[in-house]
Amino acid sequence: MKHNRLACIILAAGQGTRMRSNCPKVLTFFENKTIIGHVIEKAKLLETDQVVVVVSPSHIEEFESKFGNHVTFAIQENPFGTGDAFLAGLKKINNDIQEIIVLCGDTPLIQEKTLTDFANLCRISNSEAGLITSTVENPKMYGRIIRNSKNEFEKIVEWKDAKTKEKEIKEINSGMYFFQIQTIKNHISKINNNNASGEFYLTDVFTSIQSKNGAICTFPISGEEEILGINTKKDLSQALKISNSNRLDSFMVNNGVTIIDTASTFIGPDVTIGKDTVVKPNTWIEGEVSIGENCDIGPFVCIRGIKDRITILNGCTVGPFTSLREGCLVKDNAKVGTFVEMKKTQLGENAKANHLSYLGDSIVGARSNIGAGTITCNYDGYEKHKTYIGEDVFIGSDTIIVAPITINNRSYTGAGSVITKDVQEDTLAVSRSAQRNIENWVSRYKEKRELRRKK
Ligand code: UD1
Ligand code: CA
């Protein structure tokens with residue numbers, strides 16, 4: 001729908017004291033970006049001509065370094081309430097703006113579609129102002145929506161100011177609004193701070209608009225999922241659960257991924273998984289990770305493509321108890337097993353590292369087998385070095401490979417060897433002292449000890 005020139009004001013100058021954190025509330029990480037980063041992203045998707053973020057003077061530098069010139073910043077000198085914060089934002093609005101959407105910096109789960117549908121409803125109904133409301137099981141400390149006997153919107157009462165009967169109301173204010181610019185300019189100066197908090201409530205402009213018979217549109221949705229405001233660490237946890245659970249649903253329903261236990265599985269927003277892959281319990285996958293089809297992942301697996309992406313191709317087995325870190329590539333049908341950690345490592349097609357190994361900064365060719373207890377010593381205390389292992393190589397158990405080094409195709413290393421020199425093709429490399437078997441040693445030893453004890 002074509003619309004008038006639209007701006008979005010995001011309120012984010014609150015102190016966020018309920019989080020009990022050293023980090024400003026809305027700059028707390030929520031999955032792949034900050035809480036407010038998600039809100040800014042949604043605001044941009046609405047085809048806004050301007051996005052204004054209202055912040056407190058003490059946090060302006062942190063905000064500027066994170067979001068720079070993507071948005072306009074407005075400073076609210078003192079946290080006198082959402083009405084006062086909005087006013088600070090309004091002063092930065094360009095002259096040609098005709099409509100304003102207000103979002104709270106602490107509600108990262110709101111969906112773009114909900115906001116677009118909401119704004120379009122306000123426009124179609126020629127409303128001067130609008131708000132998204134929601135009916136929830138537990139209305140917590142949200143503002144309550146008061147309706148008259150004809151069920152028409154009357155006003156918002158804040159939890160702190162609500163009478164006992166009003167607190168029972170389950171329709172709440174989401175904190176997301178739509179205003180015609182002229183309407184809000186006319187009414188914003190009429191609010192006061194005669195309330196339980198001594199703050200200027202933006203919600204009071206609706207009372208003011210209503211008193212002048214201005215058209216107000218409510219957009220009711222159900223449940224707290226999209227409008228959940230993160231005020232405490234408990235809210236943060238609840239929001240993360242909702243977001244993860246929605247994604248897991250989508251993996252199962254739209255992508256044909258099998259997830260055995262959704263309650264113990266976390267899969268981040270930048271992960272892709274192919275069909276018929278099975279994800280087993282207690283698995284954590286975050287960062288830029290792409291997993292192919294028919295893989296078997298878990299249980300107890302941690303895959304973190306945070307610093308650099310991880311790619312797992314088709315038919316691979318990862319787990320149980322495997323840790324994959326940045327920059328790994330696991331090629332078709334390869335296996336990474338129990339207590340194996342890999343970092344910046346490529347494992348070739350059909351290659352296996354099944355038990356108790358560390359492979360860092362390495363390339364392992366197709367069909368090679370990495371024996372239990374193999375360690376690539378990639379770090380000399382100053383720099384990282386590379387290990388190249390060719391195709392069809394057999395690394396014996398407990399081999400220590402000191403990088404930089406190349407072990408060529410079809411070679412073997414003897415179990416327990418420390419390999420410090422390159423190995424040519426078709427070669428066995430062993431580096432361990434020869435074994436001596438001393439016959440009757442044990443009984444002689446024990447005799448001696450017994451004699452000594454008796455003395
Ligand atoms: C607000 C609404 C409430 C609604 C809820 C939805 C008011 C008075 N109440 O309550 O009706 O149900 O949101 O989540 O608006 N902020 C500032 N400056 C301030 C105070 C707040 O910028 O002086 C910002 C905060 O950073 C936050 C947003 O405004 O992003 C909302 O403030 P918050 O204190 O979280 O309001 P709620 O108590 O949640
Ligand atoms: Ca809030």
# chains A, B, ... in the order shown; residues from 1 in each chain; ligands from 1
$ residues_near_ligand --ligand "ligand 2" --cutoff "7 Å" --atoms "only C-alpha atoms and all ligand atoms" --output "list in words"
Asp106, Gly229, Ile230 and Asn231 of chain A
$ write_last_selection --atoms "N, CA, C and O atoms" --output "short mmCIF file (atom, residue, chain, number, x, y, z; two decimals), in the first residue's frame"
data_model
loop_
_atom_site.label_atom_id
_atom_site.label_comp_id
_atom_site.auth_asym_id
_atom_site.auth_seq_id
_atom_site.Cartn_x
_atom_site.Cartn_y
_atom_site.Cartn_z
N ASP A 106 12.52 -2.13 23.44
CA ASP A 106 12.70 -3.41 24.17
C ASP A 106 11.76 -4.52 23.70
O ASP A 106 11.57 -5.49 24.41
N GLY A 229 7.73 -7.21 26.03
CA GLY A 229 8.71 -6.17 26.34
C GLY A 229 9.74 -6.77 27.29
O GLY A 229 9.38 -7.37 28.29
N ILE A 230 11.01 -6.61 26.96
CA ILE A 230 12.05 -7.20 27.81
C ILE A 230 12.43 -6.19 28.89
O ILE A 230 13.12 -5.21 28.63
N ASN A 231 11.95 -6.44 30.09
CA ASN A 231 12.25 -5.55 31.22
C ASN A 231 13.21 -6.21 32.20
O ASN A 231 13.95 -5.52 32.89
#
$ closest_atom_pairs --of "chain A" --to "ligand 1" --cutoff "9 Å" --atoms "only C-alpha atoms and all ligand atoms" --output "tab-separated table"
residue	atom	partner	partner_atom_place_in_ligand_line	distance
A:Ile10	CA	ligand 1	30 (O)	7.3
A:Leu11	CA	ligand 1	22 (O)	4.2
A:Ala12	CA	ligand 1	26 (O)	3.4
A:Ala13	CA	ligand 1	22 (O)	3.3
A:Gly14	CA	ligand 1	26 (O)	3.4
A:Gln15	CA	ligand 1	26 (O)	6.5
A:Gly16	CA	ligand 1	26 (O)	6.6
A:Lys25	CA	ligand 1	26 (O)	7.8
A:Val26	CA	ligand 1	30 (O)	7.2
A:Ile36	CA	ligand 1	30 (O)	8.6
A:Val53	CA	ligand 1	22 (O)	8.8
A:Val54	CA	ligand 1	22 (O)	5.9
A:Val55	CA	ligand 1	22 (O)	6.2
A:Ser56	CA	ligand 1	22 (O)	7.4
A:Gln76	CA	ligand 1	18 (N)	6.9
A:Asn78	CA	ligand 1	23 (O)	6.7
A:Pro79	CA	ligand 1	23 (O)	3.3
A:Phe80	CA	ligand 1	23 (O)	4.3
A:Gly81	CA	ligand 1	23 (O)	3.2
A:Thr82	CA	ligand 1	20 (C)	4.4
A:Gly83	CA	ligand 1	15 (O)	7.0
A:Asp84	CA	ligand 1	23 (O)	6.4
A:Ala85	CA	ligand 1	18 (N)	4.7
A:Phe86	CA	ligand 1	22 (O)	7.4
A:Leu103	CA	ligand 1	30 (O)	7.9
A:Cys104	CA	ligand 1	30 (O)	4.2
A:Gly105	CA	ligand 1	30 (O)	4.0
A:Asp106	CA	ligand 1	30 (O)	4.8
A:Thr107	CA	ligand 1	14 (O)	7.1
A:Thr133	CA	ligand 1	12 (O)	8.7
A:Pro139	CA	ligand 1	12 (O)	8.8
A:Met141	CA	ligand 1	38 (O)	7.0
A:Tyr142	CA	ligand 1	12 (O)	3.5
A:Gly143	CA	ligand 1	11 (O)	3.4
A:Arg144	CA	ligand 1	11 (O)	6.8
A:Ile145	CA	ligand 1	11 (O)	8.6
A:Ile156	CA	ligand 1	11 (O)	6.7
A:Val157	CA	ligand 1	11 (O)	7.1
A:Glu158	CA	ligand 1	11 (O)	5.5
A:Trp159	CA	ligand 1	11 (O)	7.7
A:Ile172	CA	ligand 1	12 (O)	5.9
A:Asn173	CA	ligand 1	12 (O)	4.1
A:Ser174	CA	ligand 1	6 (C)	4.4
A:Gly175	CA	ligand 1	6 (C)	4.1
A:Met176	CA	ligand 1	6 (C)	7.6
A:Ser197	CA	ligand 1	8 (C)	9.0
A:Glu199	CA	ligand 1	23 (O)	7.5
A:Phe200	CA	ligand 1	8 (C)	7.2
A:Tyr201	CA	ligand 1	8 (C)	4.1
A:Leu202	CA	ligand 1	15 (O)	5.1
A:Thr203	CA	ligand 1	15 (O)	5.3
A:Asp204	CA	ligand 1	8 (C)	7.8
A:Ile227	CA	ligand 1	14 (O)	6.9
A:Leu228	CA	ligand 1	14 (O)	6.7
A:Gly229	CA	ligand 1	14 (O)	4.6
A:Ile230	CA	ligand 1	35 (O)	7.5
A:Asn231	CA	ligand 1	35 (O)	6.1
$ select_by_dssp --residues "stretch 190-282 of chain A" --states "alpha helix (DSSP H)" --output "PDB file with C-alpha atoms, in the first residue's frame"
ATOM      1  CA  ASP A 204      -2.213   9.674  28.022  1.00  0.00           C
ATOM      2  CA  VAL A 205      -2.321  11.266  24.558  1.00  0.00           C
ATOM      3  CA  PHE A 206      -5.002   8.743  23.692  1.00  0.00           C
ATOM      4  CA  THR A 207      -7.209  10.145  26.469  1.00  0.00           C
ATOM      5  CA  SER A 208      -6.585  13.610  25.072  1.00  0.00           C
ATOM      6  CA  ILE A 209      -7.345  12.600  21.461  1.00  0.00           C
ATOM      7  CA  GLN A 210     -10.440  10.725  22.626  1.00  0.00           C
ATOM      8  CA  SER A 211     -11.733  13.784  24.484  1.00  0.00           C
ATOM      9  CA  LYS A 233      16.449 -11.121  32.540  1.00  0.00           C
ATOM     10  CA  LYS A 234      13.459 -13.398  33.019  1.00  0.00           C
ATOM     11  CA  ASP A 235      11.655 -11.644  30.149  1.00  0.00           C
ATOM     12  CA  LEU A 236      14.851 -12.010  28.102  1.00  0.00           C
ATOM     13  CA  SER A 237      14.845 -15.751  28.658  1.00  0.00           C
ATOM     14  CA  GLN A 238      11.147 -15.996  27.805  1.00  0.00           C
ATOM     15  CA  ALA A 239      11.658 -14.008  24.586  1.00  0.00           C
ATOM     16  CA  LEU A 240      14.612 -16.187  23.538  1.00  0.00           C
ATOM     17  CA  LYS A 241      12.531 -19.303  24.101  1.00  0.00           C
ATOM     18  CA  ILE A 242       9.668 -17.958  21.992  1.00  0.00           C
ATOM     19  CA  SER A 243      11.978 -16.964  19.166  1.00  0.00           C
ATOM     20  CA  ASN A 244      13.842 -20.294  19.189  1.00  0.00           C
ATOM     21  CA  SER A 245      10.669 -22.312  19.387  1.00  0.00           C
ATOM     22  CA  ASN A 246       9.162 -20.461  16.383  1.00  0.00           C
ATOM     23  CA  ARG A 247      12.282 -21.219  14.369  1.00  0.00           C
ATOM     24  CA  LEU A 248      12.322 -24.895  15.347  1.00  0.00           C
ATOM     25  CA  ASP A 249       8.663 -25.144  14.278  1.00  0.00           C
ATOM     26  CA  SER A 250       9.572 -23.660  10.931  1.00  0.00           C
ATOM     27  CA  PHE A 251      12.531 -26.068  10.472  1.00  0.00           C
ATOM     28  CA  MET A 252      10.212 -29.011  11.083  1.00  0.00           C
ATOM     29  CA  VAL A 253       7.178 -27.781   9.142  1.00  0.00           C
ATOM     30  CA  ASN A 254       8.778 -25.962   6.198  1.00  0.00           C
ATOM     31  CA  ASN A 255      12.173 -27.639   5.834  1.00  0.00           C
TER      32      ASN A 255
END
$ closest_residue --among "A:Lys343, A:Tyr379, A:Thr218, A:Asn282" --to "A:Lys307" --atoms "only C-alpha atoms"
A:Lys343
$ select_by_dssp --residues "stretch 72-239 of chain A" --states "strand (DSSP E)" --output "PDB file with N, CA and C atoms, in the first residue's frame"
ATOM      1  N   THR A  72      18.608   8.463  13.066  1.00  0.00           N
ATOM      2  CA  THR A  72      18.799   9.769  13.696  1.00  0.00           C
ATOM      3  C   THR A  72      18.672   9.563  15.200  1.00  0.00           C
ATOM      4  N   PHE A  73      19.563  10.172  15.978  1.00  0.00           N
ATOM      5  CA  PHE A  73      19.433  10.040  17.429  1.00  0.00           C
ATOM      6  C   PHE A  73      18.826  11.299  18.040  1.00  0.00           C
ATOM      7  N   ALA A  74      17.974  11.074  19.040  1.00  0.00           N
ATOM      8  CA  ALA A  74      17.444  12.189  19.830  1.00  0.00           C
ATOM      9  C   ALA A  74      17.829  11.877  21.266  1.00  0.00           C
ATOM     10  N   ILE A  75      18.168  12.906  22.012  1.00  0.00           N
ATOM     11  CA  ILE A  75      18.563  12.674  23.410  1.00  0.00           C
ATOM     12  C   ILE A  75      17.445  13.121  24.350  1.00  0.00           C
ATOM     13  N   GLU A  99       3.227  10.833   8.891  1.00  0.00           N
ATOM     14  CA  GLU A  99       2.747   9.790   9.811  1.00  0.00           C
ATOM     15  C   GLU A  99       3.897   9.312  10.688  1.00  0.00           C
ATOM     16  N   ILE A 100       3.550   8.904  11.901  1.00  0.00           N
ATOM     17  CA  ILE A 100       4.579   8.387  12.804  1.00  0.00           C
ATOM     18  C   ILE A 100       4.154   7.048  13.395  1.00  0.00           C
ATOM     19  N   ILE A 101       5.084   6.116  13.390  1.00  0.00           N
ATOM     20  CA  ILE A 101       4.879   4.872  14.125  1.00  0.00           C
ATOM     21  C   ILE A 101       5.821   4.910  15.322  1.00  0.00           C
ATOM     22  N   VAL A 102       5.314   4.555  16.493  1.00  0.00           N
ATOM     23  CA  VAL A 102       6.155   4.525  17.694  1.00  0.00           C
ATOM     24  C   VAL A 102       6.384   3.078  18.095  1.00  0.00           C
ATOM     25  N   LEU A 103       7.637   2.747  18.320  1.00  0.00           N
ATOM     26  CA  LEU A 103       7.973   1.401  18.808  1.00  0.00           C
ATOM     27  C   LEU A 103       8.798   1.543  20.079  1.00  0.00           C
ATOM     28  N   CYS A 104       8.775   0.509  20.916  1.00  0.00           N
ATOM     29  CA  CYS A 104       9.627   0.510  22.100  1.00  0.00           C
ATOM     30  C   CYS A 104      10.918  -0.228  21.756  1.00  0.00           C
ATOM     31  N   ALA A 129      -5.112   8.297  15.221  1.00  0.00           N
ATOM     32  CA  ALA A 129      -4.139   7.587  16.059  1.00  0.00           C
ATOM     33  C   ALA A 129      -4.558   6.129  16.154  1.00  0.00           C
ATOM     34  N   GLY A 130      -3.602   5.277  16.474  1.00  0.00           N
ATOM     35  CA  GLY A 130      -3.935   3.858  16.608  1.00  0.00           C
ATOM     36  C   GLY A 130      -2.969   3.175  17.561  1.00  0.00           C
ATOM     37  N   LEU A 131      -3.368   2.015  18.065  1.00  0.00           N
ATOM     38  CA  LEU A 131      -2.468   1.252  18.925  1.00  0.00           C
ATOM     39  C   LEU A 131      -2.709  -0.241  18.753  1.00  0.00           C
ATOM     40  N   ILE A 132      -1.607  -0.986  18.916  1.00  0.00           N
ATOM     41  CA  ILE A 132      -1.735  -2.439  18.877  1.00  0.00           C
ATOM     42  C   ILE A 132      -2.026  -2.898  20.297  1.00  0.00           C
ATOM     43  N   THR A 133      -3.093  -3.650  20.462  1.00  0.00           N
ATOM     44  CA  THR A 133      -3.399  -4.192  21.786  1.00  0.00           C
ATOM     45  C   THR A 133      -3.310  -5.711  21.701  1.00  0.00           C
ATOM     46  N   SER A 134      -3.227  -6.328  22.858  1.00  0.00           N
ATOM     47  CA  SER A 134      -3.160  -7.779  22.842  1.00  0.00           C
ATOM     48  C   SER A 134      -3.878  -8.356  24.051  1.00  0.00           C
ATOM     49  N   THR A 135      -4.529  -9.489  23.846  1.00  0.00           N
ATOM     50  CA  THR A 135      -5.183 -10.150  24.967  1.00  0.00           C
ATOM     51  C   THR A 135      -4.302 -11.304  25.421  1.00  0.00           C
ATOM     52  N   ARG A 144      -3.379  -1.322  30.916  1.00  0.00           N
ATOM     53  CA  ARG A 144      -4.659  -1.991  30.599  1.00  0.00           C
ATOM     54  C   ARG A 144      -5.504  -1.145  29.644  1.00  0.00           C
ATOM     55  N   ILE A 145      -6.198  -1.818  28.727  1.00  0.00           N
ATOM     56  CA  ILE A 145      -7.078  -1.127  27.777  1.00  0.00           C
ATOM     57  C   ILE A 145      -8.480  -1.043  28.378  1.00  0.00           C
ATOM     58  N   ILE A 146      -8.948   0.172  28.546  1.00  0.00           N
ATOM     59  CA  ILE A 146     -10.300   0.377  29.088  1.00  0.00           C
ATOM     60  C   ILE A 146     -11.250   0.644  27.919  1.00  0.00           C
ATOM     61  N   ARG A 147     -12.318  -0.151  27.835  1.00  0.00           N
ATOM     62  CA  ARG A 147     -13.321   0.038  26.779  1.00  0.00           C
ATOM     63  C   ARG A 147     -14.657   0.429  27.424  1.00  0.00           C
ATOM     64  N   PHE A 153     -12.826   1.675  22.346  1.00  0.00           N
ATOM     65  CA  PHE A 153     -11.645   2.087  23.112  1.00  0.00           C
ATOM     66  C   PHE A 153     -11.898   3.393  23.858  1.00  0.00           C
ATOM     67  N   GLU A 154     -11.509   3.428  25.101  1.00  0.00           N
ATOM     68  CA  GLU A 154     -11.683   4.657  25.876  1.00  0.00           C
ATOM     69  C   GLU A 154     -10.329   5.239  26.299  1.00  0.00           C
ATOM     70  N   LYS A 155      -9.518   4.418  26.984  1.00  0.00           N
ATOM     71  CA  LYS A 155      -8.204   4.935  27.423  1.00  0.00           C
ATOM     72  C   LYS A 155      -7.283   3.784  27.853  1.00  0.00           C
ATOM     73  N   ILE A 156      -6.044   4.163  28.138  1.00  0.00           N
ATOM     74  CA  ILE A 156      -5.078   3.189  28.661  1.00  0.00           C
ATOM     75  C   ILE A 156      -4.819   3.575  30.118  1.00  0.00           C
ATOM     76  N   VAL A 157      -4.890   2.592  31.007  1.00  0.00           N
ATOM     77  CA  VAL A 157      -4.543   2.856  32.405  1.00  0.00           C
ATOM     78  C   VAL A 157      -3.277   2.053  32.723  1.00  0.00           C
ATOM     79  N   GLU A 171      -6.839  -7.326  28.254  1.00  0.00           N
ATOM     80  CA  GLU A 171      -6.396  -6.655  27.025  1.00  0.00           C
ATOM     81  C   GLU A 171      -5.396  -5.577  27.419  1.00  0.00           C
ATOM     82  N   ILE A 172      -4.201  -5.660  26.836  1.00  0.00           N
ATOM     83  CA  ILE A 172      -3.122  -4.761  27.255  1.00  0.00           C
ATOM     84  C   ILE A 172      -2.575  -3.918  26.105  1.00  0.00           C
ATOM     85  N   ASN A 173      -1.840  -2.880  26.489  1.00  0.00           N
ATOM     86  CA  ASN A 173      -1.216  -1.977  25.517  1.00  0.00           C
ATOM     87  C   ASN A 173       0.157  -2.516  25.129  1.00  0.00           C
ATOM     88  N   SER A 174       0.387  -2.646  23.835  1.00  0.00           N
ATOM     89  CA  SER A 174       1.666  -3.189  23.351  1.00  0.00           C
ATOM     90  C   SER A 174       2.779  -2.154  23.410  1.00  0.00           C
ATOM     91  N   GLY A 175       2.409  -0.871  23.500  1.00  0.00           N
ATOM     92  CA  GLY A 175       3.415   0.188  23.451  1.00  0.00           C
ATOM     93  C   GLY A 175       3.778   0.566  22.016  1.00  0.00           C
ATOM     94  N   MET A 176       2.992   0.072  21.035  1.00  0.00           N
ATOM     95  CA  MET A 176       3.257   0.407  19.622  1.00  0.00           C
ATOM     96  C   MET A 176       2.079   1.204  19.075  1.00  0.00           C
ATOM     97  N   TYR A 177       2.407   2.360  18.505  1.00  0.00           N
ATOM     98  CA  TYR A 177       1.349   3.308  18.129  1.00  0.00           C
ATOM     99  C   TYR A 177       1.542   3.855  16.726  1.00  0.00           C
ATOM    100  N   PHE A 178       0.447   4.420  16.218  1.00  0.00           N
ATOM    101  CA  PHE A 178       0.451   5.115  14.932  1.00  0.00           C
ATOM    102  C   PHE A 178      -0.182   6.488  15.158  1.00  0.00           C
ATOM    103  N   PHE A 179       0.432   7.535  14.614  1.00  0.00           N
ATOM    104  CA  PHE A 179      -0.155   8.880  14.753  1.00  0.00           C
ATOM    105  C   PHE A 179      -0.067   9.651  13.441  1.00  0.00           C
ATOM    106  N   GLN A 180      -1.123  10.430  13.155  1.00  0.00           N
ATOM    107  CA  GLN A 180      -1.002  11.463  12.132  1.00  0.00           C
ATOM    108  C   GLN A 180      -0.187  12.569  12.791  1.00  0.00           C
ATOM    109  N   ILE A 216      -9.721   6.889  16.804  1.00  0.00           N
ATOM    110  CA  ILE A 216      -8.636   6.028  17.296  1.00  0.00           C
ATOM    111  C   ILE A 216      -8.904   4.593  16.857  1.00  0.00           C
ATOM    112  N   CYS A 217      -7.880   3.997  16.298  1.00  0.00           N
ATOM    113  CA  CYS A 217      -8.040   2.634  15.776  1.00  0.00           C
ATOM    114  C   CYS A 217      -7.268   1.666  16.674  1.00  0.00           C
ATOM    115  N   THR A 218      -7.929   0.611  17.119  1.00  0.00           N
ATOM    116  CA  THR A 218      -7.171  -0.404  17.866  1.00  0.00           C
ATOM    117  C   THR A 218      -6.956  -1.610  16.962  1.00  0.00           C
ATOM    118  N   PHE A 219      -5.819  -2.221  17.102  1.00  0.00           N
ATOM    119  CA  PHE A 219      -5.453  -3.385  16.289  1.00  0.00           C
ATOM    120  C   PHE A 219      -5.168  -4.523  17.260  1.00  0.00           C
ATOM    121  N   PRO A 220      -6.200  -5.325  17.578  1.00  0.00           N
ATOM    122  CA  PRO A 220      -5.996  -6.352  18.600  1.00  0.00           C
ATOM    123  C   PRO A 220      -5.323  -7.596  18.032  1.00  0.00           C
ATOM    124  N   ILE A 221      -4.316  -8.080  18.744  1.00  0.00           N
ATOM    125  CA  ILE A 221      -3.728  -9.372  18.394  1.00  0.00           C
ATOM    126  C   ILE A 221      -3.846 -10.256  19.638  1.00  0.00           C
ATOM    127  N   SER A 222      -3.522 -11.523  19.522  1.00  0.00           N
ATOM    128  CA  SER A 222      -3.663 -12.339  20.727  1.00  0.00           C
ATOM    129  C   SER A 222      -2.310 -12.873  21.179  1.00  0.00           C
TER     130      SER A 222
END
$ residues_around --residues "A:Asp96" --least-positions-apart "3" --cutoff "12 Å" --atoms "only C-alpha atoms" --output "list in words"
Asn4, Arg5, Leu6, Ala7, Asp49, Gln50, Lys92, Ile93, Glu99, Ile100, Ile181 and Gln182 of chain A
$ residues_around --residues "A:Ile312" --least-positions-apart "5" --cutoff "10 Å" --atoms "only C-alpha atoms" --output "PDB file with C-alpha atoms, in the first residue's frame"
ATOM      1  CA  ILE A 273      19.385 -27.147   7.570  1.00  0.00           C
ATOM      2  CA  VAL A 289      25.976 -22.445   9.952  1.00  0.00           C
ATOM      3  CA  SER A 290      24.708 -24.404   6.984  1.00  0.00           C
ATOM      4  CA  ILE A 291      23.894 -28.094   7.342  1.00  0.00           C
ATOM      5  CA  GLY A 292      22.969 -30.272   4.385  1.00  0.00           C
ATOM      6  CA  GLU A 293      20.421 -33.052   3.941  1.00  0.00           C
ATOM      7  CA  CYS A 295      22.783 -35.464   8.405  1.00  0.00           C
ATOM      8  CA  THR A 317      27.335 -37.506  11.264  1.00  0.00           C
ATOM      9  CA  VAL A 318      28.270 -35.039  13.977  1.00  0.00           C
ATOM     10  CA  CYS A 328      34.921 -25.668   9.519  1.00  0.00           C
ATOM     11  CA  LEU A 329      33.877 -27.525   6.390  1.00  0.00           C
ATOM     12  CA  VAL A 330      32.675 -31.097   6.779  1.00  0.00           C
ATOM     13  CA  LYS A 331      32.277 -32.671   3.351  1.00  0.00           C
ATOM     14  CA  ASP A 332      29.746 -35.298   2.230  1.00  0.00           C
ATOM     15  CA  ASN A 333      29.303 -38.363   4.446  1.00  0.00           C
ATOM     16  CA  ALA A 334      32.131 -37.437   6.798  1.00  0.00           C
ATOM     17  CA  GLN A 346      38.148 -29.224   6.482  1.00  0.00           C
ATOM     18  CA  LEU A 347      37.237 -32.853   6.732  1.00  0.00           C
TER      19      LEU A 347
END
$ atom_distance --atom1 "atom CA of A:Ile395" --atom2 "atom CA of A:Gly414"
7.3 Å
$ residues_around --residues "A:Ser397" --least-positions-apart "4" --cutoff "6 Å" --atoms "only C-alpha atoms" --output "list in words"
Gly371, Ala372, Gly373 and Ala415 of chain A
$ write_last_selection --atoms "N, CA, C and O atoms" --output "compact mmCIF listing (two decimals), in the first residue's frame"
# COMPACT_ATOMS: atom_id res chain seq x y z
N GLY A 371 42.70 -41.33 13.94
CA GLY A 371 42.55 -42.23 15.07
C GLY A 371 42.23 -41.51 16.37
O GLY A 371 42.46 -40.30 16.50
N ALA A 372 41.73 -42.29 17.32
CA ALA A 372 41.36 -41.71 18.62
C ALA A 372 42.55 -41.02 19.26
O ALA A 372 43.68 -41.51 19.19
N GLY A 373 42.32 -39.87 19.85
CA GLY A 373 43.37 -39.18 20.60
C GLY A 373 44.35 -38.41 19.74
O GLY A 373 45.40 -38.01 20.21
N ALA A 415 50.66 -45.60 15.88
CA ALA A 415 49.99 -45.12 17.08
C ALA A 415 51.00 -44.54 18.06
O ALA A 415 52.12 -45.04 18.19
$ closest_residue --among "A:Gly268, A:Gly223, A:Pro299, A:Pro108" --to "A:Gly287" --atoms "only C-alpha atoms"
A:Gly268
$ residues_around --residues "A:Ser431" --least-positions-apart "5" --cutoff "7 Å" --atoms "only C-alpha atoms" --output "compact mmCIF listing (two decimals) with all heavy atoms, in the first residue's frame"
# COMPACT_ATOMS: atom_id res chain seq x y z
N SER A 417 52.69 -41.84 17.91
CA SER A 417 53.85 -41.12 17.34
C SER A 417 53.70 -39.61 17.51
O SER A 417 52.59 -39.09 17.53
CB SER A 417 53.96 -41.42 15.84
OG SER A 417 54.31 -42.76 15.63
N VAL A 418 54.88 -38.96 17.62
CA VAL A 418 54.89 -37.50 17.54
C VAL A 418 55.47 -37.18 16.16
O VAL A 418 56.62 -37.48 15.89
CB VAL A 418 55.77 -36.88 18.65
CG1 VAL A 418 55.81 -35.37 18.51
CG2 VAL A 418 55.24 -37.30 20.02
N ILE A 419 54.67 -36.63 15.30
CA ILE A 419 55.09 -36.41 13.91
C ILE A 419 55.50 -34.95 13.75
O ILE A 419 54.68 -34.05 13.91
CB ILE A 419 53.95 -36.77 12.92
CG1 ILE A 419 53.44 -38.19 13.17
CG2 ILE A 419 54.39 -36.57 11.47
CD1 ILE A 419 54.43 -39.30 12.88
$ atom_distance --atom1 "atom CA of A:Thr272" --atom2 "atom CA of A:Ile285"
10.1 Å
$ residues_around --residues "A:Val423" --least-positions-apart "5" --cutoff "8 Å" --atoms "only C-alpha atoms" --output "count of residues only"
6
$ atom_distance --atom1 "atom CA of A:Leu46" --atom2 "atom CA of A:Ala119"
9.4 Å
